[in-house]
Amino acid sequence: MFEKRLLFLIIILAALLRLWNLSDNPPGLTWDEASLGYNAYSLLQTGKDEYGNSWPLTLKSFGDYKPALYAYTIMPFVAILGLNEWAVRLPSAMFGIATVVLIYFLAKEIFLKREIGLTSAFLLAISPWHLHFSRGGWETNTATFFIVLGVYLFIKSIKDTRYLFWSFISFLISMYTYQSPRLIVPLLGLTLLAFYYKKIIKSYQYKDIKKTHIGAALVLIILSIPLILQFTSGAGSARFTGLSYLSDIGPINRTNELRGEHYVSDNPPAKIFHNRVTSLIPEFLGHYLDHFRPDFLFIRGDPLMRNKVPETGQFYLIEALFLIVGMFVLIRQKYRHTLVLVAWILISPLASSLTYQTPHALRALSMVIPLTLVMGYGLWVVVTFLRSKFKIVGILLLGCSFYIFVWFK
């Protein structure tokens with residue numbers, strides 16, 4: 001009962017932080033929010049987007065071809081509240097609150113302790129990273145909710161295979177909502193299958209493969225086809241081409257320059273040591289490691305002001321302690337889902353690492369979930385230790401207080 005009351009208070013806290021003064025803070029809509037809101041209004045009134053396309057899966061917008069799903073979630077709010085800041089931002093805020101609730105159940109499923117679910121939910125409720133993107137009309141926040149839901153349902157499917165279909169549906173929805181999951185989710189899904197396929201197959205071997213399972217597989221394939229066609233089309237890949245440094249001709253020119261310094265520019269050694277791969281890999285690694293810099297995570301945060309809470313990192317500085325403690329104890333105790341959390345952390349920045357601007361809190365938002373789970377575990381370890389050493393800690397605090405009193409006196 002106490003845990004339920006505490007969870008209720010955490011949800012109230014998450015709701016207050018995400019809903020209070022939502023229309024005015026942050027002040028004004030970004031151009032992306034304005035585009036999503038206007039397209040939702042246009043679809044509501046005419047069934048077409050601003051360019052006259054009927055019920056599109058992708059919005060041309062400013063030429064960046066946004067996935068359209070978030071605009072569809074805005075439509076009922078525009079119908080009720082009108083075309084304003086509340087209507088555009090409220091769905092994202094609600095998904096943010098729902099993610100706080102969901103991480104409680106995910107942590108409880110992973111660690112088998114309600115206390116760690118509570119610490120994880122509390123840290124996500126007050127997280128600067130997650131809080132910032134919950135207070136704006138950001139598609140990435142909605143996509144993150146469905147990624148978390150997909151992981152939760154997948155872990156549930158280890159014992160009950162009925163959850164597996166809905167796990168894949170959740171992953172697909174995230175890919176229809178934002179661009180980054182189109183790279184992250186397939187890798188995360190394959191990782192989950194690699195870790196747990198034996199247990200899932202074992203749970204199936206005592207059951208007949210019914211027509212419903214075949215039907216579910218066909219539904220997933222059919223729902224995936226528009227996504228594949230969209231990604232392979234010129235419009236669908238335009239966003240990636242515009243942002244990815246892979247389309248930059250600079251490394252090619254540099255490679256040709258380095259080859260020209262050899263006596264014979266097309267000899268085998270020149271081609272082996274100077275090529276597109278050897279020029280792009282160091283750049284990719286640099287962009288990837290940017291997302292793990294303490295400066296980004298705990299001190300200054302994203303270099304772009306619109307992607308962060310001012311005057312802080314993506315996490316609070318004290319959470320660095322919880323992350324270190326949590327990761328150390330998890331690896332040492334060899335928790336059954338530790339590898340999943342590590343893989344999730346390592347996969348999350350991949351899409352962002354392929355772009356010019358790094359580190360990028362918006363494109364790597366899904367990274368906040370596994371890190372918060374590890375921090376939630378670390379916070380539980382710290383609290384448990386302090387509780388067991390309460391008398392010693394109390395004496396030390398009393399002694400420090402007395403020393404400070406005497407010093408200032």
# chains A, B, ... in the order shown; residues from 1 in each chain; ligands from 1
>>> residues_around(residues="A:Asn141", least_positions_apart="4", cutoff="10 Å", atoms="only C-alpha atoms", output="number ranges by chain")
A: 70, 91-96, 99, 130-137, 145-147, 174, 177-178, 362-363, 365-366
>>> atom_distance(atom1="atom CA of A:Ala343", atom2="atom CA of A:Ser180")
16.3 Å
>>> atom_distance(atom1="atom CA of A:Trp344", atom2="atom CA of A:Arg114")
21.7 Å
>>> closest_residue(among="A:Asp49, A:Ile200, A:Pro128, A:Thr119", to="A:Ser157", atoms="only C-alpha atoms")
A:Ile200
>>> closest_residue(among="A:Ala15, A:Ile318, A:Leu218, A:Met375", to="A:Leu90", atoms="only C-alpha atoms")
A:Ala15
>>> closest_atom_pairs(of="stretch 55-119 of chain A", to="stretch 223-233 of chain A", cutoff="10 Å", atoms="only C-alpha atoms", output="CSV")
residue,atom,partner,partner_atom,distance
A:Leu57,CA,A:Gln230,CA,8.3
A:Thr58,CA,A:Gln230,CA,8.2
A:Pro67,CA,A:Gln230,CA,9.7
>>> write_last_selection(atoms="N, CA and C atoms", output="mmCIF file, in the first residue's frame")
data_model
loop_
_atom_site.group_PDB
_atom_site.id
_atom_site.type_symbol
_atom_site.label_atom_id
_atom_site.label_comp_id
_atom_site.auth_asym_id
_atom_site.auth_seq_id
_atom_site.Cartn_x
_atom_site.Cartn_y
_atom_site.Cartn_z
ATOM 1 N N LEU A 57 1.536 9.617 -44.616
ATOM 2 C CA LEU A 57 2.346 9.028 -43.549
ATOM 3 C C LEU A 57 3.553 9.897 -43.234
ATOM 4 N N THR A 58 3.896 10.792 -44.169
ATOM 5 C CA THR A 58 5.021 11.702 -43.998
ATOM 6 C C THR A 58 4.581 13.111 -44.352
ATOM 7 N N PRO A 67 7.756 12.265 -40.016
ATOM 8 C CA PRO A 67 6.719 11.245 -39.857
ATOM 9 C C PRO A 67 5.454 11.900 -39.313
#
>>> select_by_dssp(residues="stretch 30-72 of chain A", states="strand (DSSP E or B)", output="list in words")
Lys48, Ser54, Thr58, Leu59, Lys66 and Pro67 of chain A
>>> write_last_selection(atoms="C-alpha atoms", output="PDB file, in the first residue's frame")
ATOM      1  CA  LYS A  48      -5.195  16.794 -46.408  1.00  0.00           C
ATOM      2  CA  SER A  54      -4.565  13.088 -48.399  1.00  0.00           C
ATOM      3  CA  THR A  58       5.021  11.702 -43.998  1.00  0.00           C
ATOM      4  CA  LEU A  59       4.654  15.481 -43.806  1.00  0.00           C
ATOM      5  CA  LYS A  66       8.503  14.502 -40.734  1.00  0.00           C
ATOM      6  CA  PRO A  67       6.719  11.245 -39.857  1.00  0.00           C
TER       7      PRO A  67
END
>>> closest_residue(among="A:Tyr316, A:Gly52, A:Tyr356, A:Asp302", to="A:Glu283", atoms="only C-alpha atoms")
A:Tyr356
>>> atom_distance(atom1="atom CA of A:Val325", atom2="atom CA of A:Val100")
22.1 Å
>>> residues_around(residues="A:Trp31", least_positions_apart="6", cutoff="12 Å", atoms="only C-alpha atoms", output="count of residues only")
10
>>> select_by_dssp(residues="stretch 321-354 of chain A", states="helix (DSSP H, G or I)", output="JSON, numbers by chain")
{"A": [321, 322, 323, 324, 325, 326, 327, 328, 329, 330, 331, 332, 333, 338, 339, 340, 341, 342, 343, 344, 345, 346, 347, 350, 351, 352, 353]}
